[in-house]
Amino acid sequence: MSVWRSASRCLSILIFSATAVCAFAQAPSVEYTPEVGQSGKDVVWVPSPQELVDKMLDMAKVTPKDYVIDLGSGDGRTVITAAKRGARALGVEFNPDMVALSRRNAAKAGVSDKATFVEADIFRSDLSPATVITLFLLTDLNLKLRPTILTLKPGTRIVSNTFRMGDWEPDQTVELGCDTYCTAYLWIVPARVEGRWKTARGELALKQEFQKVSGTLNSGNVSVPISRGNLSGDQIRFVAAGAEYRGRVNGNTIEGTVKSAGKSADWKATR
């Protein structure tokens with residue numbers, strides 16, 4: 001009888017153990033769920049409203065030809081939205097749980113082939129491949145990033161939720177009129193044109209403050225101030241002596257057209 005009892009007891013233990021293992025294996029895993037306002041490395045996490053995400057990407061005119069980098073990508077919504085438009089997109093996020101969540105969200109949205117997420121510091125990340133950069137950071141963080149952003153290829157579009165770039169005026173501002181975090185700002189990285197340029201009409205001395213251009217066109221003893229000087233990426237335009245100049249900046253060369261008295265001609269400047 002004792003042998004039978006021992007065998008029965010062992011069998012009961014095995015059945016209980018197997019049941020417990022199966023129950024454990026079948027129990028659903030608890031996925032990470034972020035909380036609005038939770039602390040992060042540099043900012044607290046507050047997701048951008050989807051409507052504003054859509055508008056930011058509209059302002060940047062994102063197409064399948066673009067490579068979008070979202071700095072502080074959170075739950076991945078901006079990257080995923082860009083990927084749904086056909087763009088390749090990268091989310092840079094310091095929180096590993098957020099990175100894992102973003103990857104799951106991208107998989108659910110069916111865009112894992114275009115949406116990539118990395119655990120990294122935004123200030124140590126290579127931004128040079130981007131044609132579009134999206135931000136939802138504080139102004140002081142934007143200013144810390146600004147010197148790097150200004151070295152990017154002219155024409156790179158920068159879009160920020162709510163927070164600006166100090167004295168670098170945005171090229172476009174859109175207000176959605178919702179309750180909070182409803183303003184989007186767009187900047188286009190300008191070419192660098194400050195300096196002295198030689199042209200067939202004299203020397204062009206340019207000063208630059210971000211996308212705003214001033215200076216003079218000098219010929220002999222005559223110096224004519226330029227007005228309405230502006231850059232949009234590598235495209236420059238200004239007015240001097242009643243003539244309207246437009247051109248494309250390519251390093252130390254500008255080539256374009258000048259219109260005066262109803263006539264148009266080519267012009268070129270070298271630095």
# chains A, B, ... in the order shown; residues from 1 in each chain; ligands from 1

call {"tool": "residues_around", "arguments": {"residues": "range 112-122 of chain A", "least_positions_apart": "6", "cutoff": "9 Å", "atoms": "only C-alpha atoms", "output": "ChimeraX atom specification"}}
result
/A:41,71-73,76,79-80,82-84,86-96,98-100,102-106,145

call {"tool": "write_last_selection", "arguments": {"atoms": "N, CA and C atoms", "output": "compact mmCIF listing (two decimals), in the first residue's frame"}}
result
# COMPACT_ATOMS: atom_id res chain seq x y z
N LYS A 41 15.02 60.79 -20.96
CA LYS A 41 16.39 61.27 -20.78
C LYS A 41 16.45 62.79 -20.76
N LEU A 71 13.62 62.46 -34.05
CA LEU A 71 14.49 62.51 -32.88
C LEU A 71 13.64 62.49 -31.61
N GLY A 72 13.82 61.43 -30.81
CA GLY A 72 12.97 61.21 -29.65
C GLY A 72 11.66 60.63 -30.13
N SER A 73 11.72 59.43 -30.71
CA SER A 73 10.59 58.91 -31.48
C SER A 73 9.47 58.30 -30.66
N GLY A 76 6.69 55.72 -31.71
CA GLY A 76 6.94 55.44 -33.12
C GLY A 76 5.92 55.98 -34.09
N VAL A 79 7.32 58.05 -37.20
CA VAL A 79 8.06 57.18 -38.11
C VAL A 79 7.11 56.26 -38.89
N ILE A 80 6.16 55.69 -38.18
CA ILE A 80 5.20 54.77 -38.82
C ILE A 80 4.34 55.51 -39.84
N ALA A 82 5.18 58.20 -41.51
CA ALA A 82 6.04 58.49 -42.67
C ALA A 82 6.22 57.24 -43.53
N ALA A 83 6.40 56.09 -42.87
CA ALA A 83 6.57 54.83 -43.60
C ALA A 83 5.31 54.47 -44.39
N LYS A 84 4.15 54.79 -43.83
CA LYS A 84 2.90 54.53 -44.55
C LYS A 84 2.79 55.37 -45.82
N GLY A 86 5.28 55.75 -47.70
CA GLY A 86 6.27 55.18 -48.60
C GLY A 86 7.69 55.59 -48.33
N ALA A 87 7.90 56.51 -47.37
CA ALA A 87 9.26 56.96 -47.06
C ALA A 87 9.98 55.94 -46.18
N ARG A 88 11.29 55.91 -46.28
CA ARG A 88 12.08 55.19 -45.29
C ARG A 88 12.22 56.10 -44.07
N ALA A 89 12.09 55.54 -42.89
CA ALA A 89 12.09 56.38 -41.70
C ALA A 89 12.82 55.70 -40.55
N LEU A 90 13.52 56.52 -39.77
CA LEU A 90 14.29 56.04 -38.62
C LEU A 90 13.85 56.78 -37.37
N GLY A 91 13.56 56.05 -36.31
CA GLY A 91 13.26 56.65 -35.02
C GLY A 91 14.44 56.48 -34.09
N VAL A 92 14.90 57.59 -33.51
CA VAL A 92 16.00 57.56 -32.54
C VAL A 92 15.41 57.79 -31.16
N GLU A 93 15.53 56.82 -30.29
CA GLU A 93 14.87 56.86 -28.97
C GLU A 93 15.81 56.27 -27.92
N PHE A 94 15.91 56.93 -26.77
CA PHE A 94 16.83 56.51 -25.71
C PHE A 94 16.26 55.39 -24.86
N ASN A 95 14.93 55.33 -24.74
CA ASN A 95 14.27 54.35 -23.87
C ASN A 95 14.12 53.01 -24.61
N PRO A 96 14.78 51.95 -24.14
CA PRO A 96 14.71 50.66 -24.84
C PRO A 96 13.31 50.07 -24.88
N MET A 98 10.55 51.81 -25.15
CA MET A 98 9.86 52.52 -26.22
C MET A 98 10.29 52.00 -27.59
N VAL A 99 11.57 51.69 -27.72
CA VAL A 99 12.07 51.15 -28.99
C VAL A 99 11.37 49.83 -29.31
N ALA A 100 11.29 48.96 -28.31
CA ALA A 100 10.62 47.66 -28.51
C ALA A 100 9.14 47.85 -28.85
N SER A 102 7.78 50.49 -30.26
CA SER A 102 7.70 51.06 -31.61
C SER A 102 7.84 49.98 -32.68
N ARG A 103 8.75 49.05 -32.44
CA ARG A 103 8.93 47.96 -33.41
C ARG A 103 7.68 47.09 -33.50
N ARG A 104 7.05 46.85 -32.36
CA ARG A 104 5.80 46.09 -32.39
C ARG A 104 4.71 46.87 -33.13
N ASN A 105 4.64 48.17 -32.86
CA ASN A 105 3.63 49.00 -33.54
C ASN A 105 3.86 49.04 -35.05
N ALA A 106 5.13 49.09 -35.45
CA ALA A 106 5.45 49.09 -36.89
C ALA A 106 5.05 47.76 -37.53
N LEU A 145 20.73 71.22 -30.89
CA LEU A 145 20.83 70.49 -32.16
C LEU A 145 21.07 71.42 -33.35

call {"tool": "residues_around", "arguments": {"residues": "Gly233 in chain A", "least_positions_apart": "2", "cutoff": "10 Å", "atoms": "only C-alpha atoms", "output": "list in words"}}
result
Lys153, Pro154, Gly155, Thr156, Arg157, Trp187, Ile188, Val189, Pro190, Ala191, Arg192, Gln211, Asn230, Leu231, Gln235, Ile236, Arg248 and Val249 of chain A

call {"tool": "select_by_dssp", "arguments": {"residues": "range 74-221 of chain A", "states": "strand (DSSP E or B)", "output": "ChimeraX atom specification"}}
result
/A:88-93,115-119,132-135,157-161,165,168,172-175,183-188,195-199,202-209,212-219

call {"tool": "closest_residue", "arguments": {"among": "A:Val258, A:Met165, A:Leu186, A:Val62", "to": "Leu137 in chain A", "atoms": "only C-alpha atoms"}}
result
A:Met165

call {"tool": "residues_around", "arguments": {"residues": "Ile254 in chain A", "least_positions_apart": "3", "cutoff": "8 Å", "atoms": "only C-alpha atoms", "output": "MDAnalysis selection string"}}
result
chainID A and resid 247:251 268:270

call {"tool": "atom_distance", "arguments": {"atom1": "CA of Phe163 in chain A", "atom2": "CA of Asp179 in chain A"}}
result
15.6 Å

call {"tool": "closest_residue", "arguments": {"among": "A:Ile149, A:Ser48, A:Gly202, A:Thr33", "to": "Thr180 in chain A", "atoms": "only C-alpha atoms"}}
result
A:Ser48

call {"tool": "residues_around", "arguments": {"residues": "Gly256 in chain A", "least_positions_apart": "3", "cutoff": "6 Å", "atoms": "only C-alpha atoms", "output": "list of chain:residue names"}}
result
A:Arg246, A:Gly247, A:Asp266, A:Trp267

call {"tool": "closest_residue", "arguments": {"among": "A:Asp70, A:Glu175, A:Glu31, A:Asp75", "to": "Ser125 in chain A", "atoms": "only C-alpha atoms"}}
result
A:Asp70

call {"tool": "select_by_dssp", "arguments": {"residues": "range 40-250 of chain A", "states": "alpha helix (DSSP H)", "output": "count of residues only"}}
result
43

call {"tool": "closest_residue", "arguments": {"among": "A:Ile158, A:Ala130, A:Ala265, A:Val43", "to": "Asp66 in chain A", "atoms": "only C-alpha atoms"}}
result
A:Ala130
